[in-house]
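Asks: My questions will all concern the structure given below.
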Amino acid sequence: MGEQPLRILACGDVEGRINAVFNRVRTIQKKSGQFDLLLCVGDFFGSSPEAQVEWQEYKSGAKKAPIHTYILGAASQETLRFFPSADGCELADNITYLGRRGVFTGASGLQIAYVSGREGHQDPAPAHCFSPKDLTQLVEPLHSNNKFRGVDILLTSEWPRGVWQYANSPEVNTKFCGTNSIAHLANKLKPRYHFAAIEGVYYERLPYRNHVVLQENTQHVSRFIALATVNNSEKRKYLYAFNIVPMKSMEISELIKQPQDVTENPYRRMAREKPGPGPPDPETASQFFFDLGSKQHGGGCGQGGRGRKRPSDGEFDRQRQGQPWDSEKPKQPRRPAQPSGPCWFCLASPQVEKHLVISIGTHCYMALAKGSLTPQHVLVLPIGHYQSVVELSSDVVEELDRYKKAVRTFYKSKGQRCVLFERNYRSQHLQLQVVPVPENKCTSEDIKEAFMVHAQEQNMELMEIPQHTDLKQIAPPGTPYFYVELDSGEKLFYRIQKNFPLQFGREVLASEALLNIPERADWRECKQSREEEDSLSKQLRDDFQPYDFALED
């Protein structure tokens, strides 16, 4: 890659402390060399008399910015007077106002999309706010190019709502932070870097992917960074330095490299759940932002942004229909499907062998596996009738994860590794198989290799998927699949086509390379008497009791 990277600084709310930020930039450049650009998000100007005097020195030419500086427009009514118009213009030597919204493309080809101000709920929006129309007009020209992959940088003052999903949490009250419209915008523009401010904190989110694993071609990752206010008393970070080669100059193989800590896209679920009469995944920007133009309660633009709860889209829908707002009303959980015939694993079914049950929670239960590979081989199952993990409601998933964690801890206390697998193929009720493998027999890498080798022997491509992957995005409900989770956190996945060996998971674990009990690969060859099952279940129930959270709840 011959292109020289650009060296860029990004800054949070300056709020009139212009000398402070430029002095800091001079110090950095003296130590680390010249940077190409300074990009400022949030409120650049302050409303105090001191801030106005400070700005006048730059406006008059008495002082000059030490770097090409690009700023967003006003994020408050008080600072509107510093901007002569909504269009971008040079405010002082080396200080340029980008404009209300648009795309700035530098001589290098670097593409910077930007939206000034806070979210407005009417059109036309107040001068320090953006409207739904602004966002649509920003997206449409970009998406009209069939070669559009994303932008290099996105600058907004507002945070995207829900950006913390699947990742590290910011030091803000997430109930009141961010807007859905900026989240939708980020999802559509796929910025490699997205900078925001106005919340007064520094937050660097783990990078997230812009494609669905195994369903879409690999795309570049996005990084979201929120920056604090200049010279804040908590010493939070307000300047961020990074290097970037414009997307248009990069080899595809370099552009789409995935870092180890990449997570799922935090906005994809929001895009799927968006209310309104449009299609579930609209292709055009005008369709995508159709729900942003509703006349929302109170009109006008959000004032202050912090500590202000915006009604949800669902609340607006209820208001339009003449129904009262009820933000406290709990969302009704999705009811499990009913089995088409007798089910051996629904806990309420007369067919279930209750003497094998080890623990019962609110939504899930744990049982000794019939014909178990080892005396501590268990199944974790939903109490209601669900066919696979991807069909579970959120509360069931939460308890399933608690059982997984408890069993891992239990196995670890016995010097055993935990291997979980699920086969969603020719089965009507989810059975998460959980098998212990002694640590002194093999490593996690040995287990992974055994699954890979056995899959190859069966002409199957077992794929490793990132640890943060949400299985629902790889395998929509109804998709047959085989899935493995190792104690290292590594995950393996195979989309079943046809003729999948039903005992595959057991065969791998029973093989000579792992448990070395090939005669127990088929559960039907391991049947025990009722008395033997009773004895094993009682022993396992007693051993697991210190780890059984269901007894405490």
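Chain lettering (A, B, ...) mirrors the order of the structure tokens, residue numbering begins at 1 for each chain separately, and ligand numbering begins at 1 in order of display.
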Neighbouring residues of Ser388 of chain A were defined as those with any atom within 7 Å, considering only C-alpha atoms; residues of the same chain fewer than 5 positions away were excluded. Please report them as JSON, numbers by chain.

Replies: {"A": [424, 429, 430]}

Asks: Could you list, with a cut-off of 10 Å and counting only C-alpha atoms, the residues of segment 68-115 of chain A near segment 137-145 of chain A, each shown with its nearest atom pair and the distance in Å rounded to one decimal, rows sorted by chain and ascending number, as a tab-separated table?

Replies:
residue	atom	partner	partner_atom	distance
A:Arg101	CA	A:Leu138	CA	6.8
A:Gly102	CA	A:Leu138	CA	5.7
A:Val103	CA	A:Leu138	CA	7.6
A:Ala113	CA	A:Leu138	CA	8.1
A:Tyr114	CA	A:Leu138	CA	8.6
A:Val115	CA	A:Leu138	CA	8.6

Asks: Hey, what's within 10 Å of Lys63 of chain A if we count only C-alpha atoms and toss same-chain stuff fewer than 6 positions away? As number ranges by chain, please?

Replies: A: 19, 54-57, 92-93

Asks: Would you write out those residues with all heavy atoms, as a PDB file, in the first residue's frame?

Replies:
ATOM      1  N   ASN A  19      -7.882  29.032  22.679  1.00  0.00           N
ATOM      2  CA  ASN A  19      -6.441  29.076  22.974  1.00  0.00           C
ATOM      3  C   ASN A  19      -5.969  27.762  23.582  1.00  0.00           C
ATOM      4  O   ASN A  19      -4.893  27.254  23.243  1.00  0.00           O
ATOM      5  CB  ASN A  19      -6.124  30.226  23.932  1.00  0.00           C
ATOM      6  CG  ASN A  19      -6.197  31.588  23.258  1.00  0.00           C
ATOM      7  OD1 ASN A  19      -6.047  31.686  22.037  1.00  0.00           O
ATOM      8  ND2 ASN A  19      -6.432  32.635  24.035  1.00  0.00           N
ATOM      9  N   GLU A  54     -11.774  35.935  23.094  1.00  0.00           N
ATOM     10  CA  GLU A  54     -10.786  34.979  22.592  1.00  0.00           C
ATOM     11  C   GLU A  54     -10.990  34.720  21.097  1.00  0.00           C
ATOM     12  O   GLU A  54     -10.040  34.683  20.319  1.00  0.00           O
ATOM     13  CB  GLU A  54     -10.904  33.676  23.392  1.00  0.00           C
ATOM     14  CG  GLU A  54      -9.642  32.840  23.421  1.00  0.00           C
ATOM     15  CD  GLU A  54      -9.681  31.767  24.498  1.00  0.00           C
ATOM     16  OE1 GLU A  54      -9.790  32.119  25.702  1.00  0.00           O
ATOM     17  OE2 GLU A  54      -9.616  30.585  24.133  1.00  0.00           O
ATOM     18  N   TRP A  55     -12.254  34.528  20.708  1.00  0.00           N
ATOM     19  CA  TRP A  55     -12.550  34.276  19.301  1.00  0.00           C
ATOM     20  C   TRP A  55     -12.216  35.475  18.419  1.00  0.00           C
ATOM     21  O   TRP A  55     -11.725  35.327  17.301  1.00  0.00           O
ATOM     22  CB  TRP A  55     -14.015  33.901  19.128  1.00  0.00           C
ATOM     23  CG  TRP A  55     -14.463  33.921  17.685  1.00  0.00           C
ATOM     24  CD1 TRP A  55     -15.447  34.691  17.150  1.00  0.00           C
ATOM     25  CD2 TRP A  55     -13.937  33.163  16.602  1.00  0.00           C
ATOM     26  NE1 TRP A  55     -15.573  34.479  15.806  1.00  0.00           N
ATOM     27  CE2 TRP A  55     -14.644  33.525  15.438  1.00  0.00           C
ATOM     28  CE3 TRP A  55     -12.923  32.222  16.491  1.00  0.00           C
ATOM     29  CZ2 TRP A  55     -14.394  32.993  14.191  1.00  0.00           C
ATOM     30  CZ3 TRP A  55     -12.657  31.661  15.250  1.00  0.00           C
ATOM     31  CH2 TRP A  55     -13.381  32.040  14.109  1.00  0.00           C
ATOM     32  N   GLN A  56     -12.443  36.686  18.930  1.00  0.00           N
ATOM     33  CA  GLN A  56     -12.202  37.890  18.147  1.00  0.00           C
ATOM     34  C   GLN A  56     -10.747  37.993  17.700  1.00  0.00           C
ATOM     35  O   GLN A  56     -10.444  38.500  16.619  1.00  0.00           O
ATOM     36  CB  GLN A  56     -12.602  39.137  18.969  1.00  0.00           C
ATOM     37  CG  GLN A  56     -12.742  40.406  18.138  1.00  0.00           C
ATOM     38  CD  GLN A  56     -13.772  40.295  17.028  1.00  0.00           C
ATOM     39  OE1 GLN A  56     -14.831  39.679  17.210  1.00  0.00           O
ATOM     40  NE2 GLN A  56     -13.478  40.869  15.867  1.00  0.00           N
ATOM     41  N   GLU A  57      -9.823  37.475  18.525  1.00  0.00           N
ATOM     42  CA  GLU A  57      -8.397  37.507  18.174  1.00  0.00           C
ATOM     43  C   GLU A  57      -8.113  36.666  16.926  1.00  0.00           C
ATOM     44  O   GLU A  57      -7.277  37.034  16.097  1.00  0.00           O
ATOM     45  CB  GLU A  57      -7.559  36.999  19.352  1.00  0.00           C
ATOM     46  CG  GLU A  57      -7.580  37.914  20.566  1.00  0.00           C
ATOM     47  CD  GLU A  57      -6.742  37.370  21.712  1.00  0.00           C
ATOM     48  OE1 GLU A  57      -6.942  36.185  22.087  1.00  0.00           O
ATOM     49  OE2 GLU A  57      -5.888  38.119  22.222  1.00  0.00           O
ATOM     50  N   ALA A  92     -12.287  32.097   9.909  1.00  0.00           N
ATOM     51  CA  ALA A  92     -11.027  32.782  10.211  1.00  0.00           C
ATOM     52  C   ALA A  92      -9.928  32.020   9.490  1.00  0.00           C
ATOM     53  O   ALA A  92     -10.164  30.935   8.934  1.00  0.00           O
ATOM     54  CB  ALA A  92     -10.769  32.818  11.718  1.00  0.00           C
ATOM     55  N   ASP A  93      -8.739  32.569   9.477  1.00  0.00           N
ATOM     56  CA  ASP A  93      -7.622  31.912   8.803  1.00  0.00           C
ATOM     57  C   ASP A  93      -7.396  30.521   9.412  1.00  0.00           C
ATOM     58  O   ASP A  93      -7.174  30.386  10.614  1.00  0.00           O
ATOM     59  CB  ASP A  93      -6.358  32.776   8.971  1.00  0.00           C
ATOM     60  CG  ASP A  93      -5.260  32.374   7.980  1.00  0.00           C
ATOM     61  OD1 ASP A  93      -5.514  31.472   7.160  1.00  0.00           O
ATOM     62  OD2 ASP A  93      -4.165  32.962   8.045  1.00  0.00           O
TER      63      ASP A  93
END

Asks: Out of A:Arg426, A:Val378, A:Lys188, A:His468, which residue has the shortest atom-to-atom distance to Leu206 of chain A when counting only C-alpha atoms?

Replies: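 Closest candidate: A:His468.
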
Asks: Excluding same-chain residues fewer than 3 positions from segment 44-51 of chain A, what lies within 7 Å of it counting only C-alpha atoms, as JSON, numbers by chain?

Replies: {"A": [13, 14, 15, 16, 17, 40, 54, 55, 71, 78, 79]}
